[in-house]
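To be precise, the following lines are final.cif, and they hold mmCIF, C-alpha atoms.
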data_protein
loop_
_atom_site.label_atom_id
_atom_site.label_comp_id
_atom_site.auth_asym_id
_atom_site.auth_seq_id
_atom_site.Cartn_x
_atom_site.Cartn_y
_atom_site.Cartn_z
CA MET M 1 -20.35 9.12 84.11
CA GLY M 2 -18.29 10.14 81.12
CA GLN M 3 -19.26 9.35 77.56
CA HIS M 4 -16.87 7.60 75.22
CA ARG M 5 -16.42 9.56 72.06
CA GLY M 6 -15.07 7.69 69.07
CA THR M 7 -12.71 9.25 66.57
CA ARG M 8 -14.46 10.85 63.70
CA ARG M 9 -13.24 9.92 60.23
CA LYS M 10 -13.25 12.39 57.44
CA ARG M 11 -14.95 11.30 54.29
CA THR M 12 -12.77 11.69 51.22
CA LYS M 13 -14.51 12.58 48.03
CA ALA M 14 -13.72 10.50 44.97
CA PRO M 15 -11.90 12.53 42.34
CA ILE M 16 -14.16 13.79 39.64
CA THR M 17 -12.97 12.50 36.28
CA SER M 18 -14.34 13.68 33.02
CA PRO M 19 -15.41 10.96 30.60
CA ALA M 20 -13.00 10.12 27.80
CA PRO M 21 -13.92 12.02 24.63
CA THR M 22 -15.51 10.09 21.82
CA PHE M 23 -15.92 11.05 18.20
CA GLU M 24 -17.55 9.60 15.12
CA ALA M 25 -16.09 10.80 11.84
CA PHE M 26 -18.23 12.29 9.11
CA ASP M 27 -19.00 10.00 6.20
CA HIS M 28 -18.85 12.77 3.60
CA ARG M 29 -16.25 15.13 2.20
CA GLN M 30 -16.62 18.67 0.96
CA LEU M 31 -15.40 18.93 -2.61
CA THR M 32 -13.03 21.80 -3.33
CA LEU M 33 -14.02 24.21 -6.07
CA PHE M 34 -10.43 25.13 -6.94
CA PRO M 35 -7.31 23.18 -5.96
CA ALA M 36 -5.29 25.48 -3.71
CA PHE M 37 -1.57 25.37 -2.96
CA ARG M 38 -0.86 25.56 0.75
CA ASP M 39 2.25 27.57 1.60
CA LEU M 40 3.28 25.56 4.65
CA ALA M 41 6.53 27.46 5.07
CA ASN M 42 4.61 30.72 5.32
CA GLY M 43 2.21 29.12 7.78
CA ALA M 44 5.11 28.00 9.95
CA ILE M 45 6.14 31.66 10.24
CA HIS M 46 2.76 33.37 10.63
CA GLY M 47 0.72 30.56 12.17
CA PHE M 48 -1.93 28.03 11.09
CA PRO M 49 -5.70 28.10 11.61
CA ALA M 50 -7.04 26.35 14.69
CA PRO M 51 -8.83 23.00 14.29
CA ALA M 52 -12.39 23.63 13.11
CA GLU M 53 -13.82 20.52 14.79
CA PRO M 54 -13.02 20.71 18.55
CA LYS M 55 -14.53 17.31 19.38
CA MET M 56 -12.32 15.56 16.83
CA ALA M 57 -9.28 17.50 18.07
CA ALA M 58 -9.94 16.51 21.70
CA PHE M 59 -10.51 12.88 20.76
CA LEU M 60 -7.31 12.62 18.71
CA ASP M 61 -5.28 14.46 21.35
CA GLN M 62 -6.39 11.93 23.98
CA ILE M 63 -5.50 9.04 21.68
CA LEU M 64 -2.11 10.66 21.01
CA ILE M 65 -1.31 11.00 24.73
CA GLU M 66 -2.26 7.39 25.44
CA HIS M 67 -0.32 6.15 22.40
CA ALA M 68 2.75 8.16 23.45
CA ARG M 69 2.59 6.72 26.97
CA GLU M 70 2.23 3.14 25.76
CA HIS M 71 5.12 3.41 23.32
CA GLY M 72 7.48 5.38 25.54
CA TRP M 73 7.69 8.56 23.50
CA SER M 74 9.85 11.34 24.88
CA LEU M 75 8.25 14.62 25.94
CA THR M 76 9.83 16.35 22.94
CA THR M 77 8.42 13.81 20.48
CA THR M 78 4.99 14.01 22.08
CA LYS M 79 5.01 17.81 21.97
CA ARG M 80 6.06 17.93 18.32
CA THR M 81 3.47 15.34 17.32
CA ARG M 82 0.71 17.25 19.13
CA ARG M 83 1.72 20.40 17.29
CA GLY M 84 1.65 18.52 13.97
CA LEU M 85 -1.78 17.14 14.82
CA ALA M 86 -3.16 20.62 15.50
CA ILE M 87 -1.75 21.88 12.18
CA ALA M 88 -3.16 18.92 10.21
CA LEU M 89 -6.60 19.38 11.76
CA GLY M 90 -6.57 23.10 10.99
CA LEU M 91 -5.82 22.44 7.32
CA GLN M 92 -8.62 19.91 6.70
CA ASP M 93 -10.86 20.67 3.73
CA THR M 94 -13.67 18.79 5.51
CA PRO M 95 -13.34 19.23 9.27
CA GLY M 96 -14.57 16.09 11.01
CA ALA M 97 -13.70 13.70 8.17
CA PRO M 98 -10.93 11.09 8.53
CA MET M 99 -7.42 12.45 8.04
CA LEU M 100 -5.91 11.89 4.60
CA ALA M 101 -2.48 10.26 4.65
CA THR M 102 -1.24 12.46 1.80
CA ASP M 103 -2.20 15.64 3.72
CA ILE M 104 -0.23 14.42 6.73
CA LEU M 105 2.82 13.51 4.64
CA ASN M 106 2.85 17.01 3.15
CA LEU M 107 3.78 18.33 6.60
CA GLN M 108 7.25 16.79 6.26
CA SER M 109 8.36 19.96 4.50
CA ILE M 110 8.08 21.92 7.77
CA GLY M 111 9.71 19.30 9.99
CA ILE M 112 6.62 17.55 11.38
CA THR M 113 7.07 13.93 12.50
CA THR M 114 4.54 12.52 10.07
CA LEU M 115 5.26 8.89 10.91
CA ARG M 116 4.03 9.46 14.48
CA LEU M 117 0.98 11.28 13.20
CA LEU M 118 0.09 8.42 10.88
CA GLU M 119 0.42 5.99 13.80
CA VAL M 120 -1.95 8.03 15.99
CA CYS M 121 -4.57 8.53 13.28
CA ALA M 122 -4.45 4.85 12.38
CA ALA M 123 -4.78 3.84 16.04
CA SER M 124 -7.84 6.09 16.39
CA GLY M 125 -9.49 4.72 13.25
CA LEU M 126 -9.46 8.20 11.68
CA LEU M 127 -6.93 7.64 8.90
CA GLU M 128 -7.84 7.31 5.23
CA ASP M 129 -4.74 5.94 3.53
CA ASN M 130 -5.02 7.44 0.05
CA ARG M 131 -1.38 6.90 -0.84
CA GLU M 132 -0.66 5.18 -4.13
CA PRO M 133 1.09 1.85 -3.45
CA ALA M 134 4.65 1.63 -4.76
CA VAL M 135 3.78 -1.44 -6.83
CA ASP M 136 1.07 0.54 -8.65
CA ARG M 137 3.56 3.26 -9.60
CA TRP M 138 6.04 0.61 -10.74
CA PHE M 139 3.42 -1.08 -12.91
CA GLU M 140 2.27 2.16 -14.54
CA THR M 141 5.85 3.16 -15.32
CA THR M 142 6.75 -0.30 -16.62
CA VAL M 143 3.89 -0.58 -19.14
CA ALA M 144 3.72 3.10 -20.11
CA GLU M 145 5.53 2.59 -23.44
CA LEU M 146 3.29 -0.25 -24.63
CA PRO M 147 0.26 0.24 -26.97
CA GLU M 148 -2.99 1.32 -25.31
CA GLN M 149 -4.94 -1.90 -25.89
CA LEU M 150 -2.05 -3.99 -24.64
CA ARG M 151 -1.81 -1.80 -21.52
CA THR M 152 -5.54 -2.27 -20.89
CA GLU M 153 -5.18 -6.04 -21.03
CA LEU M 154 -2.17 -5.96 -18.72
CA GLU M 155 -4.00 -3.72 -16.26
CA ARG M 156 -6.81 -6.27 -16.08
CA TRP M 157 -4.31 -9.07 -15.46
CA TYR M 158 -2.53 -6.95 -12.84
CA THR M 159 -5.78 -6.24 -10.96
CA ILE M 160 -6.78 -9.90 -10.91
CA MET M 161 -3.33 -10.93 -9.70
CA LEU M 162 -3.25 -8.51 -6.76
CA GLN M 163 -6.93 -8.50 -5.78
CA GLY M 164 -8.06 -11.93 -6.87
CA SER M 165 -11.47 -12.58 -8.37
CA THR M 166 -14.74 -13.16 -6.49
CA THR M 167 -16.62 -14.08 -9.66
CA PRO M 168 -16.02 -17.24 -11.71
CA PRO M 169 -13.35 -18.17 -12.36
CA ARG M 170 -12.55 -17.33 -8.74
CA SER M 171 -8.96 -16.85 -7.64
CA LYS M 172 -7.06 -15.74 -4.57
CA PRO M 173 -4.87 -12.61 -4.56
CA ARG M 174 -1.22 -13.18 -5.37
CA SER M 175 1.65 -11.42 -3.69
CA GLU M 176 3.27 -8.26 -5.06
CA ILE M 177 6.56 -10.12 -5.47
CA THR M 178 4.99 -12.83 -7.62
CA THR M 179 3.16 -10.26 -9.75
CA ARG M 180 6.33 -8.24 -10.27
CA LEU M 181 8.35 -11.31 -11.25
CA TYR M 182 5.83 -12.60 -13.77
CA LEU M 183 5.55 -9.23 -15.46
CA ARG M 184 9.31 -8.68 -15.44
CA TRP M 185 9.90 -12.08 -17.04
CA SER M 186 7.26 -11.33 -19.69
CA LEU M 187 8.46 -7.82 -20.55
CA PRO M 188 11.09 -8.72 -23.20
CA ALA M 189 8.41 -10.59 -25.17
CA LEU M 190 5.81 -7.83 -24.72
CA ARG M 191 8.23 -5.15 -25.90
CA SER M 192 9.32 -7.25 -28.86
CA TRP M 193 5.71 -7.77 -29.96
CA ALA M 194 4.93 -4.07 -29.54
CA ALA M 195 7.96 -3.16 -31.67
CA ALA M 196 6.69 -5.58 -34.34
CA GLY M 197 3.36 -3.73 -34.49
CA ARG M 198 1.25 -5.95 -32.24
CA THR M 199 -1.25 -3.83 -30.29
CA SER M 200 -3.13 -6.57 -28.42
CA LEU M 201 -2.37 -9.96 -26.89
CA ARG M 202 -5.27 -11.32 -28.96
CA GLU M 203 -3.01 -11.04 -32.00
CA ILE M 204 -0.25 -13.24 -30.58
CA THR M 205 0.19 -16.70 -32.14
CA PRO M 206 2.29 -19.70 -31.06
CA GLU M 207 4.81 -18.71 -33.75
CA ASP M 208 5.13 -15.25 -32.18
CA VAL M 209 5.86 -16.89 -28.84
CA ARG M 210 8.48 -19.23 -30.30
CA GLU M 211 10.26 -16.29 -31.93
CA VAL M 212 10.81 -14.44 -28.64
CA LEU M 213 11.53 -17.38 -26.33
CA PRO M 214 15.21 -17.96 -25.49
CA GLU M 215 16.65 -21.22 -26.73
CA ALA M 216 17.05 -22.96 -23.37
CA GLY M 217 17.98 -22.58 -19.74
CA ASN M 218 16.51 -20.51 -16.96
CA ALA M 219 15.89 -17.55 -19.28
CA ARG M 220 13.49 -19.66 -21.36
CA ALA M 221 11.82 -21.16 -18.27
CA ARG M 222 11.28 -17.77 -16.64
CA MET M 223 9.83 -16.08 -19.70
CA GLY M 224 7.64 -19.12 -20.27
CA GLN M 225 6.37 -19.03 -16.70
CA GLY M 226 5.55 -15.33 -16.91
CA LEU M 227 3.77 -15.58 -20.26
CA ARG M 228 1.92 -18.73 -19.22
CA CYS M 229 0.46 -16.93 -16.20
CA LEU M 230 -0.40 -13.87 -18.27
CA PHE M 231 -2.22 -15.74 -21.03
CA ARG M 232 -3.91 -18.19 -18.65
CA VAL M 233 -5.48 -15.42 -16.53
CA LEU M 234 -6.64 -13.38 -19.53
CA LYS M 235 -8.09 -16.40 -21.29
CA SER M 236 -9.97 -17.60 -18.21
CA HIS M 237 -11.60 -14.15 -17.96
CA ARG M 238 -12.35 -14.14 -21.72
CA LEU M 239 -10.14 -11.20 -22.54
CA ILE M 240 -8.32 -13.28 -25.16
CA PHE M 241 -9.59 -16.30 -27.09
CA LEU M 242 -6.40 -18.34 -27.52
CA ASN M 243 -3.56 -19.24 -25.18
CA PRO M 244 -0.65 -19.22 -27.65
CA ILE M 245 1.90 -20.63 -25.22
CA ASP M 246 -0.19 -23.64 -24.23
CA PRO M 247 1.32 -26.11 -26.73
CA ILE M 248 4.89 -24.89 -26.17
CA ARG M 249 7.26 -26.46 -23.66
CA THR M 250 9.45 -23.97 -21.88
CA GLY M 251 11.14 -26.19 -19.30
CA THR M 252 11.67 -25.61 -15.61
CA HIS M 253 14.23 -23.76 -13.55
CA ALA M 254 17.50 -25.62 -13.35
CA THR M 255 18.36 -26.56 -9.76
CA ARG M 256 21.97 -26.46 -8.66
CA ILE M 257 22.96 -29.21 -6.22
CA PRO M 258 26.20 -28.47 -4.31
CA LEU M 259 29.03 -30.74 -5.40
CA PRO M 260 30.72 -32.88 -2.73
CA LEU M 261 33.89 -31.42 -1.28
CA ALA M 262 37.02 -33.55 -0.93
CA SER M 263 37.95 -34.29 2.65
CA ALA M 264 41.56 -33.11 2.37
CA PRO M 265 40.79 -29.41 1.47
CA LEU M 266 38.04 -29.41 4.09
CA ARG M 267 40.45 -30.70 6.74
CA ASP M 268 43.06 -28.08 5.77
CA ALA M 269 40.46 -25.29 5.96
CA ILE M 270 39.41 -26.38 9.46
#

Could you express the structure from this file as structure tokens?
Amino acid sequence: MGQHRGTRRKRTKAPITSPAPTFEAFDHRQLTLFPAFRDLANGAIHGFPAPAEPKMAAFLDQILIEHAREHGWSLTTTKRTRRGLAIALGLQDTPGAPMLATDILNLQSIGITTLRLLEVCAASGLLEDNREPAVDRWFETTVAELPEQLRTELERWYTIMLQGSTTPPRSKPRSEITTRLYLRWSLPALRSWAAAGRTSLREITPEDVREVLPEAGNARARMGQGLRCLFRVLKSHRLIFLNPIDPIRTGTHATRIPLPLASAPLRDAI
């Protein structure tokens, strides 16, 4: 009597996958004894040092590959960005610390796609954006010619406007556009007072305000709105003792309502 033999199935082994790398950035930075100039052009010719923190390099490289796949980067873009990442990691003053945005942007001089690098480091949570905001540079340039005490008062107003205040009197942050406009509208008055020898907004009187205000129209309303915000914020935080524009009326912006169009020219245009 014959025995029935069933077919024997081969067992397939599950592919062995290595766990995704993880990395926790250092919370300290090594201070440099002497500021050194990095000759990136020379490094592009003779080579750059390898990343000193392999775990961080492996973690960022994995994030880069996943980010490139999700956003449809070309092979060329991915390759160039990986090369830029290796260079940036090799040039770190503190290997293992978050990447500084300014260090990454310096690689533009040797053709590295720094925008992609910033994206990857931000996606990984290992980017420290130490760039100076454009509005900060604009403010510093704008008030540079004013007296020191006046600049200090304006800096305090500027900080409160952009960051708000968590201590009484509390206030919410205002937008960069609003802050720029108010300061721009106030500048003619501030420069006029500085030219007249005023070194602080504490010295300004209602008569000083009346002397610099335009006679009427939008110019008067805009300057009044800018100065009113400036003095109100400084007075509420006790940086000045008097709001000199408070008793002065400066009007409001004139609104322009479109005039009705006659039907005959409209019909001809159609």

>> Please expand the PyMOL selection byres ((chain M and resi 86-91) around 8) into the concrete residues it hits in this file, giving the result as a PyMOL selection string.
In response: chain M and resi 48-53+57+82-85+92-93+95+99+103-104+107

Quick one: write out the picked residues with C-alpha atoms as a PDB file, in the frame of the given file?
ATOM      1  CA  PHE M  48      -1.930  28.030  11.090  1.00  0.00           C
ATOM      2  CA  PRO M  49      -5.700  28.100  11.610  1.00  0.00           C
ATOM      3  CA  ALA M  50      -7.040  26.350  14.690  1.00  0.00           C
ATOM      4  CA  PRO M  51      -8.830  23.000  14.290  1.00  0.00           C
ATOM      5  CA  ALA M  52     -12.390  23.630  13.110  1.00  0.00           C
ATOM      6  CA  GLU M  53     -13.820  20.520  14.790  1.00  0.00           C
ATOM      7  CA  ALA M  57      -9.280  17.500  18.070  1.00  0.00           C
ATOM      8  CA  ARG M  82       0.710  17.250  19.130  1.00  0.00           C
ATOM      9  CA  ARG M  83       1.720  20.400  17.290  1.00  0.00           C
ATOM     10  CA  GLY M  84       1.650  18.520  13.970  1.00  0.00           C
ATOM     11  CA  LEU M  85      -1.780  17.140  14.820  1.00  0.00           C
ATOM     12  CA  GLN M  92      -8.620  19.910   6.700  1.00  0.00           C
ATOM     13  CA  ASP M  93     -10.860  20.670   3.730  1.00  0.00           C
ATOM     14  CA  PRO M  95     -13.340  19.230   9.270  1.00  0.00           C
ATOM     15  CA  MET M  99      -7.420  12.450   8.040  1.00  0.00           C
ATOM     16  CA  ASP M 103      -2.200  15.640   3.720  1.00  0.00           C
ATOM     17  CA  ILE M 104      -0.230  14.420   6.730  1.00  0.00           C
ATOM     18  CA  LEU M 107       3.780  18.330   6.600  1.00  0.00           C
TER      19      LEU M 107
END

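Taking CA of Glu155 in chain M as the reference point, CA of Ser192 in chain M is found at 18.7 Å.
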
> Using the chain letters and numbers from the file, which residues does the PyMOL selection byres ((chain M and resi 240) around 12) grab, as JSON, numbers by chain?
Replying inline: {"M": [149, 150, 153, 154, 156, 157, 200, 201, 202, 203, 204, 205, 230, 231, 232, 233, 234, 235, 236, 237, 238, 239, 241, 242, 243, 244]}

> Rounded to one decimal in Å, what is the spacing between CA of Leu105 in chain M and CA of Ala44 in chain M?
Replying inline: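 About the pair CA of Leu105 in chain M and CA of Ala44 in chain M: they are 15.6 Å apart.
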
> So which one's closest to Gln62 in chain M, M:Thr159, M:Ser124, M:Ser186, M:Asn106? Using only C-alpha atoms, please.
Replying inline: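 The answer is M:Ser124, which sits nearest to Gln62 in chain M.
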
> For the file shown, what are the residues hit by the PyMOL selection byres ((chain M and resi 26) around 9), laid out as a list in words?
Replying inline: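 In the shown coordinates, the PyMOL selection byres ((chain M and resi 26) around 9) covers Glu24, Ala25, Asp27, His28, Arg29, Thr94, Pro95, Gly96, Ala97 and Pro98 of chain M.
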
Hey, could you pull the box centre and edge lengths for range 214-219 of chain M, axis-aligned, 5 Å padding per side, all listed atoms, to one decimal in Å, as lines of an AutoDock Vina configuration file?
center_x = 16.6
center_y = -20.3
center_z = -21.8
size_x = 12.8
size_y = 15.4
size_z = 19.8

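Among the candidate residues M:Asp39, M:Trp73, M:Ala122, M:Gly251, the one lying nearest to Ala216 in chain M is M:Gly251, with distances computed using all atoms listed in the file.
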
>> Residues near range 129-137 of chain M, anyone? I mean within 12 Å using all atoms listed in the file, not counting same-chain ones fewer than 3 positions away, as a VMD selection string.
In response: chain M and resid 98 to 106 118 to 119 121 to 122 125 to 126 140 to 144 155 158 to 159 162 175 to 181 183

> With distances taken over all atoms listed in the file, which of M:Ile248, M:Arg220, M:Pro35, M:Tyr182 is nearest to Asp208 in chain M?
Replying inline: M:Ile248

>> Between CA of Phe23 in chain M and CA of Leu64 in chain M, what distance in Å does the model show, to one decimal?
In response: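 According to the coordinates, CA of Phe23 in chain M and CA of Leu64 in chain M are separated by 14.1 Å.
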